[in-house]
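*Asks:* Data file structure.pdb (PDB, C-alpha atoms) is appended below.
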ATOM      1  CA  LEU A   1     -14.459  24.713 -21.193  1.00  0.00           C
ATOM      2  CA  LYS A   2     -17.975  24.721 -19.750  1.00  0.00           C
ATOM      3  CA  SER A   3     -17.234  21.575 -17.717  1.00  0.00           C
ATOM      4  CA  GLY A   4     -14.057  23.076 -16.230  1.00  0.00           C
ATOM      5  CA  ASP A   5     -11.515  21.504 -18.570  1.00  0.00           C
ATOM      6  CA  ALA A   6      -8.766  23.523 -20.207  1.00  0.00           C
ATOM      7  CA  CYS A   7      -8.425  23.801 -23.991  1.00  0.00           C
ATOM      8  CA  ILE A   8      -5.474  24.388 -26.294  1.00  0.00           C
ATOM      9  CA  TYR A   9      -6.542  25.378 -29.804  1.00  0.00           C
ATOM     10  CA  LEU A  10      -3.912  24.928 -32.505  1.00  0.00           C
ATOM     11  CA  ALA A  11      -4.748  27.202 -35.451  1.00  0.00           C
ATOM     12  CA  THR A  12      -3.222  26.337 -38.820  1.00  0.00           C
ATOM     13  CA  MET A  13      -5.909  27.304 -41.353  1.00  0.00           C
ATOM     14  CA  LYS A  14      -6.905  30.767 -40.185  1.00  0.00           C
ATOM     15  CA  PRO A  15      -5.507  33.510 -37.964  1.00  0.00           C
ATOM     16  CA  PRO A  16      -6.420  33.243 -34.266  1.00  0.00           C
ATOM     17  CA  GLU A  17      -8.323  36.526 -34.460  1.00  0.00           C
ATOM     18  CA  LEU A  18     -10.935  34.967 -36.770  1.00  0.00           C
ATOM     19  CA  MET A  19     -11.069  31.729 -34.787  1.00  0.00           C
ATOM     20  CA  ILE A  20     -11.497  33.673 -31.510  1.00  0.00           C
ATOM     21  CA  TYR A  21     -14.343  35.687 -33.066  1.00  0.00           C
ATOM     22  CA  LYS A  22     -16.182  32.523 -34.169  1.00  0.00           C
ATOM     23  CA  LEU A  23     -15.660  30.749 -30.838  1.00  0.00           C
ATOM     24  CA  ASP A  24     -16.755  33.890 -28.970  1.00  0.00           C
ATOM     25  CA  GLU A  25     -20.016  33.991 -30.944  1.00  0.00           C
ATOM     26  CA  LEU A  26     -20.564  30.268 -30.325  1.00  0.00           C
ATOM     27  CA  CYS A  27     -19.948  30.636 -26.563  1.00  0.00           C
ATOM     28  CA  LYS A  28     -22.391  33.552 -26.349  1.00  0.00           C
ATOM     29  CA  LYS A  29     -25.038  31.575 -28.200  1.00  0.00           C
ATOM     30  CA  LYS A  30     -24.593  28.331 -26.232  1.00  0.00           C
ATOM     31  CA  PHE A  31     -23.542  29.547 -22.764  1.00  0.00           C
ATOM     32  CA  GLY A  32     -24.678  33.175 -22.593  1.00  0.00           C
ATOM     33  CA  LYS A  33     -21.101  34.401 -22.061  1.00  0.00           C
ATOM     34  CA  GLY A  34     -18.207  35.035 -24.416  1.00  0.00           C
ATOM     35  CA  LEU A  35     -14.929  33.165 -24.818  1.00  0.00           C
ATOM     36  CA  SER A  36     -13.171  35.695 -22.561  1.00  0.00           C
ATOM     37  CA  ALA A  37     -15.054  34.140 -19.608  1.00  0.00           C
ATOM     38  CA  PHE A  38     -12.783  31.102 -20.076  1.00  0.00           C
ATOM     39  CA  LYS A  39      -9.468  33.002 -20.489  1.00  0.00           C
ATOM     40  CA  ASP A  40      -7.768  31.198 -17.620  1.00  0.00           C
ATOM     41  CA  ARG A  41      -8.446  27.834 -19.308  1.00  0.00           C
ATOM     42  CA  PHE A  42      -8.176  28.653 -23.021  1.00  0.00           C
ATOM     43  CA  ALA A  43      -4.891  28.811 -24.940  1.00  0.00           C
ATOM     44  CA  ILE A  44      -3.869  29.288 -28.563  1.00  0.00           C
ATOM     45  CA  ILE A  45      -0.985  27.844 -30.561  1.00  0.00           C
ATOM     46  CA  ASP A  46      -0.694  30.029 -33.649  1.00  0.00           C
ATOM     47  CA  CYS A  47       0.711  28.064 -36.599  1.00  0.00           C
ATOM     48  CA  PHE A  48      -0.825  30.458 -39.110  1.00  0.00           C
ATOM     49  CA  THR A  49       0.057  34.123 -38.666  1.00  0.00           C
ATOM     50  CA  PRO A  50       3.878  33.948 -38.396  1.00  0.00           C
ATOM     51  CA  PHE A  51       4.128  31.877 -41.585  1.00  0.00           C
ATOM     52  CA  ALA A  52       1.444  33.497 -43.746  1.00  0.00           C
ATOM     53  CA  GLY A  53       3.590  36.459 -44.864  1.00  0.00           C
ATOM     54  CA  PHE A  54       1.777  39.108 -42.829  1.00  0.00           C
ATOM     55  CA  GLY A  55       3.799  42.125 -41.761  1.00  0.00           C
ATOM     56  CA  ARG A  56       3.391  44.276 -38.670  1.00  0.00           C
ATOM     57  CA  ASN A  57       1.184  46.755 -40.529  1.00  0.00           C
ATOM     58  CA  ASP A  58      -1.376  44.158 -41.505  1.00  0.00           C
ATOM     59  CA  ALA A  59      -4.833  43.827 -40.021  1.00  0.00           C
ATOM     60  CA  PHE A  60      -4.098  40.836 -37.763  1.00  0.00           C
ATOM     61  CA  PRO A  61      -2.741  41.283 -34.221  1.00  0.00           C
ATOM     62  CA  THR A  62       0.902  40.593 -33.394  1.00  0.00           C
ATOM     63  CA  ALA A  63       2.062  37.923 -30.927  1.00  0.00           C
ATOM     64  CA  GLU A  64       2.585  40.655 -28.303  1.00  0.00           C
ATOM     65  CA  GLU A  65      -0.989  41.883 -28.758  1.00  0.00           C
ATOM     66  CA  TYR A  66      -2.410  38.367 -28.430  1.00  0.00           C
ATOM     67  CA  LYS A  67      -0.358  37.717 -25.284  1.00  0.00           C
ATOM     68  CA  LYS A  68      -1.903  40.754 -23.567  1.00  0.00           C
ATOM     69  CA  GLU A  69      -5.275  39.045 -23.698  1.00  0.00           C
ATOM     70  CA  TRP A  70      -4.781  35.269 -24.169  1.00  0.00           C
ATOM     71  CA  LEU A  71      -2.509  32.365 -23.262  1.00  0.00           C
ATOM     72  CA  TYR A  72      -0.671  32.292 -26.583  1.00  0.00           C
ATOM     73  CA  GLU A  73       2.343  30.654 -28.241  1.00  0.00           C
ATOM     74  CA  GLU A  74       3.570  30.523 -31.822  1.00  0.00           C
ATOM     75  CA  ALA A  75       4.796  27.368 -33.557  1.00  0.00           C
ATOM     76  CA  ASP A  76       6.037  26.469 -37.008  1.00  0.00           C
ATOM     77  CA  PRO A  77       3.737  23.860 -38.634  1.00  0.00           C
ATOM     78  CA  ARG A  78       6.818  22.588 -40.558  1.00  0.00           C
ATOM     79  CA  ASP A  79       8.623  21.840 -37.275  1.00  0.00           C
ATOM     80  CA  LEU A  80       6.892  19.205 -35.131  1.00  0.00           C
ATOM     81  CA  ASN A  81       9.227  19.912 -32.210  1.00  0.00           C
ATOM     82  CA  SER A  82       8.199  23.596 -32.117  1.00  0.00           C
ATOM     83  CA  ILE A  83       4.544  22.490 -31.798  1.00  0.00           C
ATOM     84  CA  ASN A  84       5.453  20.236 -28.853  1.00  0.00           C
ATOM     85  CA  VAL A  85       7.414  23.037 -27.167  1.00  0.00           C
ATOM     86  CA  ALA A  86       4.446  25.435 -27.479  1.00  0.00           C
ATOM     87  CA  TYR A  87       2.081  22.686 -26.301  1.00  0.00           C
ATOM     88  CA  SER A  88       4.273  21.993 -23.250  1.00  0.00           C
ATOM     89  CA  ARG A  89       4.621  25.693 -22.290  1.00  0.00           C
ATOM     90  CA  LEU A  90       0.867  26.241 -22.410  1.00  0.00           C
ATOM     91  CA  SER A  91       0.103  23.016 -20.536  1.00  0.00           C
ATOM     92  CA  GLU A  92       2.049  24.350 -17.551  1.00  0.00           C
ATOM     93  CA  SER A  93      -0.531  27.136 -17.203  1.00  0.00           C
ATOM     94  CA  PHE A  94      -3.350  24.736 -16.325  1.00  0.00           C
ATOM     95  CA  ASN A  95      -2.175  23.366 -12.955  1.00  0.00           C
ATOM     96  CA  GLY A  96      -3.146  19.735 -13.485  1.00  0.00           C
ATOM     97  CA  LYS A  97      -6.553  20.363 -15.088  1.00  0.00           C
ATOM     98  CA  ARG A  98      -7.663  17.930 -17.753  1.00  0.00           C
ATOM     99  CA  VAL A  99      -6.667  19.414 -21.113  1.00  0.00           C
ATOM    100  CA  ARG A 100      -8.385  19.085 -24.469  1.00  0.00           C
ATOM    101  CA  ILE A 101      -6.417  20.033 -27.553  1.00  0.00           C
ATOM    102  CA  VAL A 102      -7.896  20.821 -30.955  1.00  0.00           C
ATOM    103  CA  TYR A 103      -5.720  20.595 -34.077  1.00  0.00           C
ATOM    104  CA  ASP A 104      -7.545  22.770 -36.630  1.00  0.00           C
ATOM    105  CA  SER A 105      -6.550  21.501 -39.093  1.00  0.00           C
ATOM    106  CA  PHE A 106      -4.094  18.640 -38.683  1.00  0.00           C
ATOM    107  CA  SER A 107      -4.190  18.311 -42.498  1.00  0.00           C
ATOM    108  CA  THR A 108      -1.938  21.369 -42.762  1.00  0.00           C
ATOM    109  CA  ILE A 109       0.653  19.735 -40.507  1.00  0.00           C
ATOM    110  CA  VAL A 110       0.370  16.474 -42.487  1.00  0.00           C
ATOM    111  CA  SER A 111       0.964  18.278 -45.791  1.00  0.00           C
ATOM    112  CA  LEU A 112       4.095  20.070 -44.524  1.00  0.00           C
ATOM    113  CA  ASN A 113       5.891  17.165 -42.845  1.00  0.00           C
ATOM    114  CA  ASP A 114       7.497  13.823 -43.616  1.00  0.00           C
ATOM    115  CA  GLN A 115       5.152  10.841 -43.088  1.00  0.00           C
ATOM    116  CA  GLU A 116       7.628   8.870 -40.956  1.00  0.00           C
ATOM    117  CA  ALA A 117       8.274  11.881 -38.710  1.00  0.00           C
ATOM    118  CA  LEU A 118       4.515  12.431 -38.378  1.00  0.00           C
ATOM    119  CA  TYR A 119       3.974   8.800 -37.417  1.00  0.00           C
ATOM    120  CA  GLN A 120       6.599   9.079 -34.666  1.00  0.00           C
ATOM    121  CA  TYR A 121       5.111  12.419 -33.567  1.00  0.00           C
ATOM    122  CA  MET A 122       1.698  10.775 -33.211  1.00  0.00           C
ATOM    123  CA  LEU A 123       3.080   7.839 -31.222  1.00  0.00           C
ATOM    124  CA  HIS A 124       4.719  10.250 -28.770  1.00  0.00           C
ATOM    125  CA  ASN A 125       1.646  12.509 -28.602  1.00  0.00           C
ATOM    126  CA  ILE A 126      -0.735   9.645 -27.899  1.00  0.00           C
ATOM    127  CA  ALA A 127       1.508   8.269 -25.130  1.00  0.00           C
ATOM    128  CA  PHE A 128       1.725  11.767 -23.592  1.00  0.00           C
ATOM    129  CA  GLU A 129      -2.043  12.345 -23.878  1.00  0.00           C
ATOM    130  CA  ASP A 130      -2.823   8.960 -22.284  1.00  0.00           C
ATOM    131  CA  LYS A 131      -0.431   9.560 -19.381  1.00  0.00           C
ATOM    132  CA  PHE A 132      -1.820  13.011 -18.545  1.00  0.00           C
ATOM    133  CA  ARG A 133      -5.480  12.295 -19.461  1.00  0.00           C
ATOM    134  CA  TYR A 134      -5.480  14.778 -22.326  1.00  0.00           C
ATOM    135  CA  ILE A 135      -8.122  14.491 -25.014  1.00  0.00           C
ATOM    136  CA  ALA A 136      -7.069  15.467 -28.536  1.00  0.00           C
ATOM    137  CA  LEU A 137      -9.238  16.228 -31.538  1.00  0.00           C
ATOM    138  CA  TYR A 138      -7.339  16.017 -34.839  1.00  0.00           C
ATOM    139  CA  LEU A 139      -9.414  17.674 -37.568  1.00  0.00           C
ATOM    140  CA  ILE A 140      -8.561  16.348 -41.022  1.00  0.00           C
ATOM    141  CA  ARG A 141     -10.069  17.650 -44.278  1.00  0.00           C
ATOM    142  CA  LYS A 142      -9.862  14.383 -46.242  1.00  0.00           C
ATOM    143  CA  LYS A 143      -9.531  10.878 -44.857  1.00  0.00           C
ATOM    144  CA  SER A 144      -7.007  10.020 -47.596  1.00  0.00           C
ATOM    145  CA  GLU A 145      -4.575  12.600 -46.133  1.00  0.00           C
ATOM    146  CA  ALA A 146      -3.899  10.532 -43.015  1.00  0.00           C
ATOM    147  CA  GLU A 147      -5.560   7.108 -43.158  1.00  0.00           C
ATOM    148  CA  TRP A 148      -2.681   5.708 -41.098  1.00  0.00           C
ATOM    149  CA  MET A 149      -3.994   7.667 -38.092  1.00  0.00           C
ATOM    150  CA  ASP A 150      -7.103   5.463 -37.742  1.00  0.00           C
ATOM    151  CA  ALA A 151      -5.054   2.652 -36.197  1.00  0.00           C
ATOM    152  CA  LEU A 152      -3.375   4.982 -33.678  1.00  0.00           C
ATOM    153  CA  VAL A 153      -6.258   7.012 -32.261  1.00  0.00           C
ATOM    154  CA  GLY A 154      -9.036   5.832 -29.936  1.00  0.00           C
ATOM    155  CA  GLY A 155     -11.878   7.369 -31.894  1.00  0.00           C
ATOM    156  CA  VAL A 156     -12.722   8.082 -35.515  1.00  0.00           C
ATOM    157  CA  VAL A 157     -15.717  10.224 -36.506  1.00  0.00           C
ATOM    158  CA  ASN A 158     -16.435  11.359 -40.072  1.00  0.00           C
ATOM    159  CA  VAL A 159     -18.615  14.387 -40.880  1.00  0.00           C
ATOM    160  CA  PHE A 160     -19.832  14.830 -44.446  1.00  0.00           C
ATOM    161  CA  VAL A 161     -22.564  16.223 -46.716  1.00  0.00           C
ATOM    162  CA  LYS A 162     -24.567  14.071 -49.155  1.00  0.00           C
ATOM    163  CA  ASN A 163     -27.466  15.351 -51.284  1.00  0.00           C
ATOM    164  CA  GLY A 164     -27.499  18.606 -49.312  1.00  0.00           C
ATOM    165  CA  LYS A 165     -27.899  16.849 -45.942  1.00  0.00           C
ATOM    166  CA  ARG A 166     -25.279  16.660 -43.204  1.00  0.00           C
ATOM    167  CA  TYR A 167     -24.246  13.353 -41.650  1.00  0.00           C
ATOM    168  CA  ILE A 168     -21.947  12.061 -38.941  1.00  0.00           C
ATOM    169  CA  GLU A 169     -20.442   8.593 -39.120  1.00  0.00           C
ATOM    170  CA  ILE A 170     -19.235   7.072 -35.865  1.00  0.00           C
ATOM    171  CA  VAL A 171     -16.563   4.536 -36.764  1.00  0.00           C
ATOM    172  CA  LYS A 172     -15.072   3.959 -33.309  1.00  0.00           C
ATOM    173  CA  LEU A 173     -14.884   5.701 -29.935  1.00  0.00           C
ATOM    174  CA  PRO A 174     -12.953   4.943 -26.729  1.00  0.00           C
ATOM    175  CA  ALA A 175     -16.287   4.483 -24.918  1.00  0.00           C
ATOM    176  CA  LYS A 176     -19.529   2.552 -25.362  1.00  0.00           C
ATOM    177  CA  HIS A 177     -21.216   3.839 -28.506  1.00  0.00           C
ATOM    178  CA  LYS A 178     -23.475   2.956 -31.381  1.00  0.00           C
ATOM    179  CA  SER A 179     -21.589   2.797 -34.686  1.00  0.00           C
ATOM    180  CA  GLY A 180     -23.305   3.962 -37.830  1.00  0.00           C
ATOM    181  CA  ILE A 181     -24.224   6.953 -39.962  1.00  0.00           C
ATOM    182  CA  PHE A 182     -26.580   9.530 -38.483  1.00  0.00           C
ATOM    183  CA  GLN A 183     -28.239  12.587 -40.036  1.00  0.00           C
ATOM    184  CA  LEU A 184     -27.668  15.953 -38.335  1.00  0.00           C
ATOM    185  CA  THR A 185     -29.818  19.065 -38.037  1.00  0.00           C
ATOM    186  CA  GLU A 186     -28.451  22.615 -38.360  1.00  0.00           C
ATOM    187  CA  ASP A 187     -27.933  22.790 -34.572  1.00  0.00           C
ATOM    188  CA  GLU A 188     -25.877  19.553 -34.594  1.00  0.00           C
ATOM    189  CA  ARG A 189     -28.643  17.288 -33.245  1.00  0.00           C
ATOM    190  CA  VAL A 190     -29.126  13.756 -34.528  1.00  0.00           C
ATOM    191  CA  ILE A 191     -32.523  13.459 -36.198  1.00  0.00           C
ATOM    192  CA  LYS A 192     -32.276  10.018 -37.795  1.00  0.00           C
ATOM    193  CA  THR A 193     -30.503   7.250 -35.963  1.00  0.00           C
ATOM    194  CA  LYS A 194     -30.182   4.968 -38.956  1.00  0.00           C
ATOM    195  CA  ALA A 195     -29.662   7.135 -42.002  1.00  0.00           C
ATOM    196  CA  LYS A 196     -31.013   5.526 -45.162  1.00  0.00           C
ATOM    197  CA  GLY A 197     -29.185   5.293 -48.451  1.00  0.00           C
ATOM    198  CA  PHE A 198     -25.832   4.061 -47.145  1.00  0.00           C
TER     199      PHE A 198
END
Step by step, read the file and then write its structure as C-alpha cells.
*Replies:*
Amino acid sequence: LKSGDACIYLATMKPPELMIYKLDELCKKKFGKGLSAFKDRFAIIDCFTPFAGFGRNDAFPTAEEYKKEWLYEEADPRDLNSINVAYSRLSESFNGKRVRIVYDSFSTIVSLNDQEALYQYMLHNIAFEDKFRYIALYLIRKKSEAEWMDALVGGVVNVFVKNGKRYIEIVKLPAKHKSGIFQLTEDERVIKTKAKGF
C-alpha cells in the first residue's frame, strides 16, 4: 500500500472488523497514518462473517456497513468460484494498478474444499496472477495442509518458533535471494544470518 500498490485481503479466520483494527494499528505505527489513508487501494473479501452464524444483532458490522467505508465483497470459502467472482469485482476498482492479494488463511479454504478442485483453482489463479502482475501471499498454518502448493508457487517462506525464538526460513523466491534459516527480532528484523542449531 505504501508503495502505491493495491491490496485485496481475504479474511477467513477472523471478522474483517478485527483485521482492520490490527492493520490500522500497524499502519499508524509504521507509516504514521491509519489504514483509512489507503481506502482507495485496499479491499476486503469477507469469507468469515457470513458463514460464522452471526445474526444482524451481533457485534460485528453487516456487509452494508462495511461497504459504506471499504471496498468489500463477501465470498463463501466452500465455493472457490464465489471467491474468484469477489476477487474479479474488486480488481476492477484498481484501474490497472499492481495488486497484491493476501489469503489469511488459505488453510481454511484448503480444509473446506476438494483437493483436486483446489489444485485446479491454484493453476488458474497463478496463470491469472502472472498475466496481470498480481502478487499473492497464501498464508498456511501447517505445511502438511498443502505441501502440493510448493511446486506451483514462485516462493516459499516458513515462519516458526523454536526454543522461544522466532525464525524465518527462505526456501525459494522468484528473485535473487539467500536461502537458509534466519532468526528474527520482535520488530521482524533479521539478527542472525545463519541461525545455529538447524
*Asks:* With distances taken over all atoms listed in the file, which of A:Phe132, A:Trp148, A:Phe160, A:Tyr103 is nearest to Ile83 (chain A)?
*Replies:* A:Tyr103
*Asks:* Using all atoms listed in the file, what residues lie at most 7 Å away from (-5.3, 24.3, -37.2) (file coordinates), given as a count of residues only?
*Replies:* 8
*Asks:* Got a sec to resolve the PyMOL selection byres ((chain A and resi 134) around 10) on this structure and send the residues as an MDAnalysis selection string?
*Replies:* chainID A and resid 5:7 97:101 125:133 135:136
*Asks:* Point out the residue among A:Asn158, A:Arg166, A:Tyr21, A:Val110 with the least atom-to-atom distance to Gly180 (chain A), counting all atoms listed in the file.
*Replies:*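 That would be A:Asn158, the residue with the smallest distance to Gly180 (chain A).
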*Asks:* Using the chain letters and numbers from the file, which residues does the PyMOL selection byres ((chain A and resi 64-77) around 10) grab, as a PyMOL selection string?
*Replies:* chain A and resi 8-12+16-17+36+38-51+60-63+78-87+89-90+93+106+108-113
*Asks:* Which residue, A:Lys178, A:Val190, A:Glu147, A:Leu152, has the smallest gap to Leu123 (chain A) when you use only C-alpha atoms?
*Replies:* A:Leu152
*Asks:* To one decimal place, how far is CA of Gly34 (chain A) from CA of Tyr138 (chain A) in Å?
*Replies:*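 So the two atoms, CA of Gly34 (chain A) and CA of Tyr138 (chain A), lie 24.3 Å apart.
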*Asks:* When you draw a straight line from CA of Arg141 (chain A) to CA of Gly4 (chain A), how long is it in Å?
*Replies:*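 Going from CA of Arg141 (chain A) over to CA of Gly4 (chain A) covers 28.8 Å.
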*Asks:* Which distance in Å separates CA of Lys33 (chain A) and CA of Met19 (chain A), to one decimal?
*Replies:*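 These two atoms are separated by 16.4 Å.
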*Asks:* Could you check which of A:Lys176, A:Lys30, A:Lys142, A:Lys22 is closest to Val159 (chain A), using all atoms listed in the file?
*Replies:*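 Looking only at the distances to Val159 (chain A), the closest residue turns out to be A:Lys142.
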*Asks:* Save region 78-98 of chain A from what I just supplied, as a PDB file, in the first residue's frame, atoms limited to N, CA and C atoms.
*Replies:*
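See selection15.pdb below for the written result:
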ATOM      1  N   ARG A  78     -16.349 -22.223   0.938  1.00  0.00           N
ATOM      2  CA  ARG A  78     -16.619 -23.578   0.431  1.00  0.00           C
ATOM      3  C   ARG A  78     -16.850 -23.571  -1.072  1.00  0.00           C
ATOM      4  N   ASP A  79     -16.892 -22.383  -1.675  1.00  0.00           N
ATOM      5  CA  ASP A  79     -17.197 -22.234  -3.099  1.00  0.00           C
ATOM      6  C   ASP A  79     -16.084 -21.420  -3.759  1.00  0.00           C
ATOM      7  N   LEU A  80     -15.146 -22.114  -4.401  1.00  0.00           N
ATOM      8  CA  LEU A  80     -13.983 -21.448  -4.993  1.00  0.00           C
ATOM      9  C   LEU A  80     -14.400 -20.433  -6.057  1.00  0.00           C
ATOM     10  N   ASN A  81     -15.470 -20.704  -6.781  1.00  0.00           N
ATOM     11  CA  ASN A  81     -15.935 -19.768  -7.796  1.00  0.00           C
ATOM     12  C   ASN A  81     -16.398 -18.451  -7.168  1.00  0.00           C
ATOM     13  N   SER A  82     -17.050 -18.507  -6.003  1.00  0.00           N
ATOM     14  CA  SER A  82     -17.518 -17.272  -5.366  1.00  0.00           C
ATOM     15  C   SER A  82     -16.332 -16.398  -4.940  1.00  0.00           C
ATOM     16  N   ILE A  83     -15.212 -17.031  -4.568  1.00  0.00           N
ATOM     17  CA  ILE A  83     -14.000 -16.270  -4.223  1.00  0.00           C
ATOM     18  C   ILE A  83     -13.472 -15.568  -5.467  1.00  0.00           C
ATOM     19  N   ASN A  84     -13.440 -16.286  -6.599  1.00  0.00           N
ATOM     20  CA  ASN A  84     -12.960 -15.673  -7.849  1.00  0.00           C
ATOM     21  C   ASN A  84     -13.856 -14.537  -8.310  1.00  0.00           C
ATOM     22  N   VAL A  85     -15.165 -14.678  -8.138  1.00  0.00           N
ATOM     23  CA  VAL A  85     -16.093 -13.610  -8.528  1.00  0.00           C
ATOM     24  C   VAL A  85     -15.840 -12.364  -7.684  1.00  0.00           C
ATOM     25  N   ALA A  86     -15.686 -12.538  -6.371  1.00  0.00           N
ATOM     26  CA  ALA A  86     -15.413 -11.396  -5.480  1.00  0.00           C
ATOM     27  C   ALA A  86     -14.075 -10.750  -5.835  1.00  0.00           C
ATOM     28  N   TYR A  87     -13.083 -11.580  -6.077  1.00  0.00           N
ATOM     29  CA  TYR A  87     -11.736 -11.151  -6.458  1.00  0.00           C
ATOM     30  C   TYR A  87     -11.810 -10.305  -7.741  1.00  0.00           C
ATOM     31  N   SER A  88     -12.541 -10.788  -8.729  1.00  0.00           N
ATOM     32  CA  SER A  88     -12.665 -10.096 -10.010  1.00  0.00           C
ATOM     33  C   SER A  88     -13.385  -8.753  -9.859  1.00  0.00           C
ATOM     34  N   ARG A  89     -14.475  -8.716  -9.089  1.00  0.00           N
ATOM     35  CA  ARG A  89     -15.221  -7.466  -8.878  1.00  0.00           C
ATOM     36  C   ARG A  89     -14.339  -6.400  -8.237  1.00  0.00           C
ATOM     37  N   LEU A  90     -13.587  -6.804  -7.216  1.00  0.00           N
ATOM     38  CA  LEU A  90     -12.735  -5.836  -6.518  1.00  0.00           C
ATOM     39  C   LEU A  90     -11.568  -5.385  -7.383  1.00  0.00           C
ATOM     40  N   SER A  91     -11.029  -6.289  -8.181  1.00  0.00           N
ATOM     41  CA  SER A  91      -9.901  -5.942  -9.058  1.00  0.00           C
ATOM     42  C   SER A  91     -10.258  -4.814 -10.014  1.00  0.00           C
ATOM     43  N   GLU A  92     -11.510  -4.768 -10.440  1.00  0.00           N
ATOM     44  CA  GLU A  92     -11.955  -3.721 -11.365  1.00  0.00           C
ATOM     45  C   GLU A  92     -11.860  -2.331 -10.758  1.00  0.00           C
ATOM     46  N   SER A  93     -11.815  -2.237  -9.446  1.00  0.00           N
ATOM     47  CA  SER A  93     -11.757  -0.947  -8.755  1.00  0.00           C
ATOM     48  C   SER A  93     -10.378  -0.292  -8.823  1.00  0.00           C
ATOM     49  N   PHE A  94      -9.363  -1.045  -9.252  1.00  0.00           N
ATOM     50  CA  PHE A  94      -7.988  -0.561  -9.109  1.00  0.00           C
ATOM     51  C   PHE A  94      -7.359  -0.008 -10.383  1.00  0.00           C
ATOM     52  N   ASN A  95      -8.122   0.073 -11.459  1.00  0.00           N
ATOM     53  CA  ASN A  95      -7.679   0.740 -12.691  1.00  0.00           C
ATOM     54  C   ASN A  95      -6.258   0.400 -13.124  1.00  0.00           C
ATOM     55  N   GLY A  96      -5.943  -0.880 -13.212  1.00  0.00           N
ATOM     56  CA  GLY A  96      -4.653  -1.298 -13.742  1.00  0.00           C
ATOM     57  C   GLY A  96      -3.482  -1.243 -12.767  1.00  0.00           C
ATOM     58  N   LYS A  97      -3.712  -0.859 -11.523  1.00  0.00           N
ATOM     59  CA  LYS A  97      -2.624  -0.856 -10.539  1.00  0.00           C
ATOM     60  C   LYS A  97      -2.174  -2.290 -10.281  1.00  0.00           C
ATOM     61  N   ARG A  98      -0.915  -2.443  -9.881  1.00  0.00           N
ATOM     62  CA  ARG A  98      -0.466  -3.764  -9.468  1.00  0.00           C
ATOM     63  C   ARG A  98      -1.210  -4.134  -8.188  1.00  0.00           C
TER      64      ARG A  98
END
